[in-house]
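Following: one structure in structure tokens, then a few remarks.
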Amino acid sequence: MNIKSIFTKQLLLYMGTLLVSFVLVGLTLSVVYTQYYMNEAEEELINQGKKISKEYKKAYYTGDLSNLSYELQVLEDYMAASIFFIDNNGIVILASPGINESWIGQAISNQEMIEGVLEGNIVTLEGRINGMFDEPVLTVGYPLRAGNISGLFMCTSMPEIEKSLQGMYEMGFFILTAVMSIGIILVYLSSRKMISPLLQMNEAAKIIAGGNFEQRVEIKTEDEVGQLAESFNHMAESLNKYETVRREFIANVSHDLRSPLTSIQGFLNAILDGTIPKEKQEHYLNIVLEETKRLTKLTNDIVELSKAQTSTITLEKSRFDINGLIRESIERLEPRLQQKDMKINAIFAEKETFVEADKDKIARVIYNLVDNAIKFSSQEGEIDIETALKQNKKVFISVTDYGKGISQEDQKYIFDRFYKADTSRGKDKTGSGLGLSIAKEFLLAHGENIGVKSQEEKGTTFTFSLKLAEKEVKKG
């Protein structure tokens, strides 16, 4: 058994706790039982003393000692109790058969006990009573005033009482041992059940570290360990998804780089070797220029996302009208809108809405969202851009298209870097899957966020927030 393992530590901890509990419970029960039994014996002796006192007084006045002798015999035979009587001076003047006759006429040296009885009190004492008995006894002194008798003492053997308790101790020990054994078995089984998912996760983590992201952990419980296993599976699923996206991204980027570079190389070679006549060279040089712009945009997107994810974004905040920025973005995309014979409906909460943000980066966010809306809308479709104010602290900007929509599964990853949704929004083959990731990172740098709501075949709405700028104070 490996003492460093969680299972062994937990098992030892539980076993130690059970053992300590067993000892404490055993000691407590022992003390409680002993005290209870002693109290019961003491109470019984007091009751017998009351009866003997009553019988002695009755016998003293009637001269009939038969009942008194019977009580003394019963007490001595069935309770293992010896009895003696004393006078006012503490001298033994009468004793039951169990006490040596040599003690009759001798004084009891325990003055405190004698004085207590002579004062009319019931006294209890544990000991040998100055050698009268060979073993410790429980003695109860009971006051009795009749003739020359001033008190009676009843003595029962302490070892006999302890012997009576022995069976109770053995039964208690047996029960506690059985309970502890069952507890250890249950602890062992529960610990095994609890640790098993952790061991599975440990092995699965090693497999995932080796590059196999298909590994999963079987979930059998709904407790914290089960939740941990579920989170582990979710992590593995995310890693697998990221790995798939990464491979697709590399393939896409490789294609996006290879295609324009091939075109550029081919056209330039054709110009240099004279294949393309001079009157057509300007046309093909413009094509080369467009291809270089595509390469520049792709590399810029990758650089911007890298900066965003390493928290090196520098914000140059200013106060500007978000409505005006939306209009500028629409104007920039006018050629795209005309190609698809589309129109944009701009719905503003107020005539002017001033925000405090980095204008260039927010312009990039709006451009990316509107560009995506155009890209995935049908011919002659419409796009809605709307602003809404909330408690005079924030403005919410939403961009809505009425295209194919995004599936619930794709919505989970739509803002992930390199991600391109499949069938519902995969018609565009030129994008790199970085636009929405960059938009989200820019907004996070502002302390804001962006969300998406979509229904397949009904359309998609992207909404982000910005902090309203404080109103300018006009100087008089």
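Letters A, B, ... mark the chains of the structure tokens in the order given; residue numbers begin at 1 per chain; ligand numbers begin at 1, in order shown.
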
With a distance cut-off of 12 Å and only C-alpha atoms, select the neighbouring residues of stretch 171-179 of chain A, excluding the residue or stretch itself and same-chain residues fewer than 2 positions from it, and output the selection as an MDAnalysis selection string.
chainID A and resid 18:30 33 165:169 181:187

For A:Ile450, find every residue with an atom within 12 Å (counting only C-alpha atoms), except residues of its own chain fewer than 6 positions away, and show them as number ranges by chain.
A: 365-366, 369, 396-399, 414-415, 436-444, 461-466

Using only C-alpha atoms, determine which residues lie at most 7 Å from A:Asp87, disregarding the query and same-chain residues fewer than 4 positions distant; provide the list as a list in words.
Ile91, Val92, Ile93, Asn148, Ile149, Ser150 and Gly151 of chain A

Kindly save the residues from that selection, with N, CA, C and O atoms included, as an mmCIF file, in the first residue's frame.
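Saved as part-v1.cif:
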data_model
loop_
_atom_site.group_PDB
_atom_site.id
_atom_site.type_symbol
_atom_site.label_atom_id
_atom_site.label_comp_id
_atom_site.auth_asym_id
_atom_site.auth_seq_id
_atom_site.Cartn_x
_atom_site.Cartn_y
_atom_site.Cartn_z
ATOM 1 N N ILE A 91 -19.519 1.868 68.368
ATOM 2 C CA ILE A 91 -19.093 0.498 68.639
ATOM 3 C C ILE A 91 -20.088 -0.468 68.015
ATOM 4 O O ILE A 91 -21.299 -0.274 68.106
ATOM 5 N N VAL A 92 -19.540 -1.497 67.345
ATOM 6 C CA VAL A 92 -20.388 -2.498 66.696
ATOM 7 C C VAL A 92 -21.039 -3.346 67.782
ATOM 8 O O VAL A 92 -20.364 -3.965 68.606
ATOM 9 N N ILE A 93 -22.373 -3.360 67.762
ATOM 10 C CA ILE A 93 -23.074 -4.128 68.797
ATOM 11 C C ILE A 93 -23.890 -5.280 68.197
ATOM 12 O O ILE A 93 -24.361 -6.143 68.932
ATOM 13 N N ASN A 148 -30.441 1.112 72.191
ATOM 14 C CA ASN A 148 -29.022 1.498 72.162
ATOM 15 C C ASN A 148 -28.434 1.499 70.735
ATOM 16 O O ASN A 148 -27.228 1.672 70.563
ATOM 17 N N ILE A 149 -29.263 1.279 69.716
ATOM 18 C CA ILE A 149 -28.809 1.306 68.316
ATOM 19 C C ILE A 149 -28.919 2.735 67.784
ATOM 20 O O ILE A 149 -29.973 3.365 67.897
ATOM 21 N N SER A 150 -27.833 3.241 67.190
ATOM 22 C CA SER A 150 -27.834 4.602 66.642
ATOM 23 C C SER A 150 -27.652 4.636 65.120
ATOM 24 O O SER A 150 -27.769 5.688 64.502
ATOM 25 N N GLY A 151 -27.312 3.505 64.539
ATOM 26 C CA GLY A 151 -27.142 3.501 63.091
ATOM 27 C C GLY A 151 -26.843 2.110 62.576
ATOM 28 O O GLY A 151 -26.395 1.241 63.334
#

Residues near stretch 374-383 of chain A, cut-off 10 Å, only C-alpha atoms, skip fewer than 4 positions along chain, as a ChimeraX atom specification:
/A:333,336-346,368-370,399-405,424-428,459-461

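Residues in contact with stretch 291-293 of chain A at 8 Å, where only C-alpha atoms are counted and same-chain residues fewer than 4 positions away are skipped, are listed as Pro260, Leu261, Ser263, Ile264, Ile287 and Lys297 of chain A.
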
Neighbours of A:Tyr367 within 9 Å (only C-alpha atoms; same-chain residues fewer than 5 positions away dropped), as a VMD selection string?
chain A and resid 326 329 to 330 332 to 333 362 372

Helix (DSSP H, G or I) call set, DSSP backbone run, stretch 251-389 of chain A, as a PyMOL selection string
chain A and resi 251-272+278-309+322-332+334-339+359-375

Selected residues written out with C-alpha atoms, as an mmCIF file, in the first residue's frame:
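Done, and the output landed in again11.cif:
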data_model
loop_
_atom_site.group_PDB
_atom_site.id
_atom_site.type_symbol
_atom_site.label_atom_id
_atom_site.label_comp_id
_atom_site.auth_asym_id
_atom_site.auth_seq_id
_atom_site.Cartn_x
_atom_site.Cartn_y
_atom_site.Cartn_z
ATOM 1 C CA ALA A 251 -4.857 24.190 -43.578
ATOM 2 C CA ASN A 252 -6.882 27.364 -44.272
ATOM 3 C CA VAL A 253 -3.963 29.716 -43.701
ATOM 4 C CA SER A 254 -1.717 27.529 -45.822
ATOM 5 C CA HIS A 255 -4.299 27.685 -48.603
ATOM 6 C CA ASP A 256 -4.855 31.430 -48.139
ATOM 7 C CA LEU A 257 -1.113 32.040 -48.289
ATOM 8 C CA ARG A 258 -0.426 29.624 -51.122
ATOM 9 C CA SER A 259 -3.203 30.850 -53.442
ATOM 10 C CA PRO A 260 -2.249 34.569 -53.572
ATOM 11 C CA LEU A 261 1.468 33.793 -53.580
ATOM 12 C CA THR A 262 0.968 31.418 -56.503
ATOM 13 C CA SER A 263 -1.062 34.053 -58.362
ATOM 14 C CA ILE A 264 1.456 36.784 -57.596
ATOM 15 C CA GLN A 265 4.378 34.602 -58.694
ATOM 16 C CA GLY A 266 2.598 33.488 -61.882
ATOM 17 C CA PHE A 267 1.522 36.955 -62.968
ATOM 18 C CA LEU A 268 4.932 38.511 -62.210
ATOM 19 C CA ASN A 269 6.737 35.760 -64.136
ATOM 20 C CA ALA A 270 4.343 36.222 -67.048
ATOM 21 C CA ILE A 271 4.998 39.981 -67.067
ATOM 22 C CA LEU A 272 8.759 39.548 -66.824
ATOM 23 C CA LYS A 278 2.249 45.546 -72.006
ATOM 24 C CA GLU A 279 -1.271 46.809 -72.629
ATOM 25 C CA LYS A 280 -2.637 44.161 -70.151
ATOM 26 C CA GLN A 281 0.137 44.411 -67.536
ATOM 27 C CA GLU A 282 -1.644 47.147 -65.548
ATOM 28 C CA HIS A 283 -4.716 44.925 -65.191
ATOM 29 C CA TYR A 284 -2.714 42.006 -63.872
ATOM 30 C CA LEU A 285 -0.601 44.248 -61.632
ATOM 31 C CA ASN A 286 -3.849 45.412 -60.002
ATOM 32 C CA ILE A 287 -4.742 41.759 -59.411
ATOM 33 C CA VAL A 288 -1.297 41.277 -57.802
ATOM 34 C CA LEU A 289 -1.948 44.353 -55.632
ATOM 35 C CA GLU A 290 -5.291 42.933 -54.432
ATOM 36 C CA GLU A 291 -3.602 39.644 -53.566
ATOM 37 C CA THR A 292 -0.947 41.452 -51.512
ATOM 38 C CA LYS A 293 -3.752 43.278 -49.687
ATOM 39 C CA ARG A 294 -5.291 39.901 -48.819
ATOM 40 C CA LEU A 295 -1.948 38.712 -47.455
ATOM 41 C CA THR A 296 -1.495 41.933 -45.484
ATOM 42 C CA LYS A 297 -4.979 41.628 -43.938
ATOM 43 C CA LEU A 298 -4.381 38.020 -42.937
ATOM 44 C CA THR A 299 -1.029 38.753 -41.312
ATOM 45 C CA ASN A 300 -2.435 41.842 -39.556
ATOM 46 C CA ASP A 301 -5.326 39.777 -38.161
ATOM 47 C CA ILE A 302 -2.909 37.189 -36.757
ATOM 48 C CA VAL A 303 -0.673 39.890 -35.231
ATOM 49 C CA GLU A 304 -3.642 41.731 -33.657
ATOM 50 C CA LEU A 305 -5.057 38.554 -32.158
ATOM 51 C CA SER A 306 -1.632 37.621 -30.783
ATOM 52 C CA LYS A 307 -1.318 41.038 -29.133
ATOM 53 C CA ALA A 308 -4.839 40.765 -27.723
ATOM 54 C CA GLN A 309 -4.192 37.383 -26.155
ATOM 55 C CA ILE A 322 -21.191 55.892 -31.854
ATOM 56 C CA ASN A 323 -24.033 56.678 -34.281
ATOM 57 C CA GLY A 324 -21.629 58.526 -36.539
ATOM 58 C CA LEU A 325 -19.130 55.658 -36.406
ATOM 59 C CA ILE A 326 -21.859 53.201 -37.433
ATOM 60 C CA ARG A 327 -22.748 55.433 -40.415
ATOM 61 C CA GLU A 328 -19.069 55.541 -41.472
ATOM 62 C CA SER A 329 -18.840 51.738 -41.307
ATOM 63 C CA ILE A 330 -21.965 51.410 -43.472
ATOM 64 C CA GLU A 331 -20.499 53.799 -46.036
ATOM 65 C CA ARG A 332 -17.266 51.769 -46.208
ATOM 66 C CA GLU A 334 -21.548 50.301 -49.537
ATOM 67 C CA PRO A 335 -19.913 48.435 -52.488
ATOM 68 C CA ARG A 336 -20.535 45.096 -50.769
ATOM 69 C CA LEU A 337 -24.157 46.032 -50.145
ATOM 70 C CA GLN A 338 -24.678 47.028 -53.766
ATOM 71 C CA GLN A 339 -23.206 43.734 -55.002
ATOM 72 C CA LYS A 359 -12.524 54.686 -31.881
ATOM 73 C CA ASP A 360 -10.353 52.705 -34.316
ATOM 74 C CA LYS A 361 -10.822 49.415 -32.478
ATOM 75 C CA ILE A 362 -14.584 49.863 -32.086
ATOM 76 C CA ALA A 363 -14.740 50.735 -35.800
ATOM 77 C CA ARG A 364 -13.012 47.407 -36.469
ATOM 78 C CA VAL A 365 -15.580 45.610 -34.296
ATOM 79 C CA ILE A 366 -18.530 47.187 -36.136
ATOM 80 C CA TYR A 367 -16.943 46.579 -39.517
ATOM 81 C CA ASN A 368 -16.334 42.888 -38.754
ATOM 82 C CA LEU A 369 -19.905 42.342 -37.511
ATOM 83 C CA VAL A 370 -21.550 44.125 -40.447
ATOM 84 C CA ASP A 371 -19.185 42.442 -42.919
ATOM 85 C CA ASN A 372 -20.168 39.018 -41.507
ATOM 86 C CA ALA A 373 -23.867 39.956 -41.657
ATOM 87 C CA ILE A 374 -23.531 40.858 -45.342
ATOM 88 C CA LYS A 375 -21.492 37.750 -46.070
#

Under the rule that only C-alpha atoms are counted, which of A:Lys467, A:Ile86, A:Glu162, A:Gly447 is the nearest residue to A:Asp321?
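Among A:Lys467, A:Ile86, A:Glu162, A:Gly447, it is A:Lys467 that comes nearest to A:Asp321.
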
Could you pull the residues within 8 Å of A:Phe320, counting only C-alpha atoms, minus those fewer than 2 positions along the same chain, as JSON, numbers by chain?
{"A": [318, 322, 354, 355, 356, 357, 359]}

Taking a cut-off of 10 Å and counting only C-alpha atoms, can you build a table that, for each residue of stretch 114-181 of chain A near stretch 97-100 of chain A, reports the nearest atom pair and how far apart they are in Å (one decimal), sorted by chain then residue number, as JSON lines?
{"residue": "A:Met132", "atom": "CA", "partner": "A:Ile99", "partner_atom": "CA", "distance": 8.0}
{"residue": "A:Phe133", "atom": "CA", "partner": "A:Ile99", "partner_atom": "CA", "distance": 8.3}
{"residue": "A:Cys155", "atom": "CA", "partner": "A:Ile99", "partner_atom": "CA", "distance": 9.9}

Taking only C-alpha atoms into account, name the residue in A:Glu42, A:Lys206, A:Met201, A:Phe85 that is nearest to A:Glu218.
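Comparing A:Glu42, A:Lys206, A:Met201, A:Phe85 against A:Glu218, the winner is A:Met201.
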
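Reported to one decimal place, the separation of atom CA of A:Ala388 from atom CA of A:Lys458 is 22.1 Å.
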
Give me, as a PyMOL selection string, the residues of stretch 96-151 of chain A that a backbone DSSP run labels strand (DSSP E).
chain A and resi 123-127+137-146+149-151

Output file for the residues above (all heavy atoms, as a compact mmCIF listing (two decimals), in the first residue's frame):
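The resulting file, out25.txt, is reproduced below:
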# COMPACT_ATOMS: atom_id res chain seq x y z
N VAL A 123 -24.89 8.18 54.77
CA VAL A 123 -23.49 8.34 54.39
C VAL A 123 -23.09 7.18 53.47
O VAL A 123 -23.46 6.03 53.71
CB VAL A 123 -22.59 8.38 55.64
CG1 VAL A 123 -21.13 8.51 55.25
CG2 VAL A 123 -22.99 9.54 56.55
N THR A 124 -22.30 7.52 52.43
CA THR A 124 -21.79 6.51 51.50
C THR A 124 -20.27 6.55 51.50
O THR A 124 -19.66 7.63 51.50
CB THR A 124 -22.29 6.77 50.07
OG1 THR A 124 -23.72 6.76 50.09
CG2 THR A 124 -21.80 5.68 49.12
N LEU A 125 -19.66 5.36 51.50
CA LEU A 125 -18.20 5.29 51.55
C LEU A 125 -17.73 4.07 50.77
O LEU A 125 -18.38 3.02 50.79
CB LEU A 125 -17.73 5.19 53.02
CG LEU A 125 -16.22 5.07 53.25
CD1 LEU A 125 -15.53 6.38 52.89
CD2 LEU A 125 -15.91 4.70 54.70
N GLU A 126 -16.58 4.22 50.06
CA GLU A 126 -15.95 3.11 49.37
C GLU A 126 -14.60 2.84 50.03
O GLU A 126 -13.79 3.75 50.17
CB GLU A 126 -15.76 3.43 47.88
CG GLU A 126 -17.07 3.59 47.11
CD GLU A 126 -16.84 3.92 45.65
OE1 GLU A 126 -15.67 3.78 45.20
OE2 GLU A 126 -17.80 4.32 44.95
N GLY A 127 -14.37 1.58 50.47
CA GLY A 127 -13.10 1.24 51.12
C GLY A 127 -13.22 -0.03 51.95
O GLY A 127 -14.18 -0.78 51.82
N VAL A 137 -15.25 -2.41 49.71
CA VAL A 137 -16.70 -2.56 49.75
C VAL A 137 -17.35 -1.19 49.59
O VAL A 137 -16.74 -0.16 49.88
CB VAL A 137 -17.17 -3.19 51.08
CG1 VAL A 137 -16.72 -4.63 51.20
CG2 VAL A 137 -16.71 -2.37 52.28
N LEU A 138 -18.60 -1.24 49.10
CA LEU A 138 -19.44 -0.05 49.06
C LEU A 138 -20.30 -0.06 50.31
O LEU A 138 -21.07 -1.00 50.51
CB LEU A 138 -20.31 -0.05 47.80
CG LEU A 138 -21.39 1.05 47.73
CD1 LEU A 138 -20.74 2.44 47.66
CD2 LEU A 138 -22.30 0.84 46.52
N THR A 139 -20.13 0.96 51.12
CA THR A 139 -20.82 0.99 52.42
C THR A 139 -21.80 2.15 52.44
O THR A 139 -21.46 3.27 52.05
CB THR A 139 -19.82 1.17 53.57
OG1 THR A 139 -18.87 0.08 53.53
CG2 THR A 139 -20.52 1.17 54.92
N VAL A 140 -23.01 1.87 52.87
CA VAL A 140 -24.04 2.89 53.05
C VAL A 140 -24.42 2.90 54.52
O VAL A 140 -24.85 1.88 55.07
CB VAL A 140 -25.27 2.63 52.17
CG1 VAL A 140 -26.39 3.61 52.51
CG2 VAL A 140 -24.92 2.73 50.70
N GLY A 141 -24.24 4.05 55.17
CA GLY A 141 -24.64 4.20 56.58
C GLY A 141 -26.00 4.83 56.68
O GLY A 141 -26.26 5.86 56.04
N TYR A 142 -26.90 4.24 57.46
CA TYR A 142 -28.27 4.72 57.55
C TYR A 142 -28.59 4.99 59.03
O TYR A 142 -28.37 4.14 59.89
CB TYR A 142 -29.24 3.67 57.00
CG TYR A 142 -30.62 4.20 56.71
CD1 TYR A 142 -30.90 4.73 55.45
CD2 TYR A 142 -31.61 4.16 57.67
CE1 TYR A 142 -32.17 5.20 55.17
CE2 TYR A 142 -32.88 4.65 57.39
CZ TYR A 142 -33.16 5.18 56.14
OH TYR A 142 -34.42 5.67 55.86
N PRO A 143 -29.08 6.16 59.39
CA PRO A 143 -29.38 6.48 60.80
C PRO A 143 -30.54 5.62 61.32
O PRO A 143 -31.52 5.40 60.60
CB PRO A 143 -29.73 7.96 60.75
CG PRO A 143 -30.18 8.23 59.36
CD PRO A 143 -29.40 7.30 58.49
N LEU A 144 -30.41 5.18 62.56
CA LEU A 144 -31.46 4.35 63.18
C LEU A 144 -31.47 4.63 64.68
O LEU A 144 -30.45 4.46 65.36
CB LEU A 144 -31.17 2.86 62.92
CG LEU A 144 -32.07 1.86 63.65
CD1 LEU A 144 -33.53 2.03 63.25
CD2 LEU A 144 -31.60 0.44 63.36
N ARG A 145 -32.59 5.08 65.19
CA ARG A 145 -32.73 5.39 66.61
C ARG A 145 -33.73 4.44 67.24
O ARG A 145 -34.93 4.56 67.07
CB ARG A 145 -33.23 6.82 66.79
CG ARG A 145 -32.30 7.88 66.23
CD ARG A 145 -31.04 8.04 67.07
NE ARG A 145 -30.18 9.10 66.57
CZ ARG A 145 -29.04 9.43 67.15
NH1 ARG A 145 -28.63 8.77 68.22
NH2 ARG A 145 -28.30 10.40 66.64
N ALA A 146 -33.17 3.45 67.93
CA ALA A 146 -34.05 2.49 68.62
C ALA A 146 -33.22 1.83 69.73
O ALA A 146 -32.29 1.07 69.45
CB ALA A 146 -34.58 1.45 67.67
N ILE A 149 -29.26 1.28 69.72
CA ILE A 149 -28.81 1.31 68.32
C ILE A 149 -28.92 2.73 67.78
O ILE A 149 -29.97 3.36 67.90
CB ILE A 149 -29.64 0.36 67.44
CG1 ILE A 149 -29.56 -1.09 67.95
CG2 ILE A 149 -29.19 0.45 65.96
CD1 ILE A 149 -28.18 -1.67 67.86
N SER A 150 -27.83 3.24 67.19
CA SER A 150 -27.83 4.60 66.64
C SER A 150 -27.65 4.64 65.12
O SER A 150 -27.77 5.69 64.50
CB SER A 150 -26.71 5.43 67.29
OG SER A 150 -26.95 5.54 68.68
N GLY A 151 -27.31 3.51 64.54
CA GLY A 151 -27.14 3.50 63.09
C GLY A 151 -26.84 2.11 62.58
O GLY A 151 -26.39 1.24 63.33
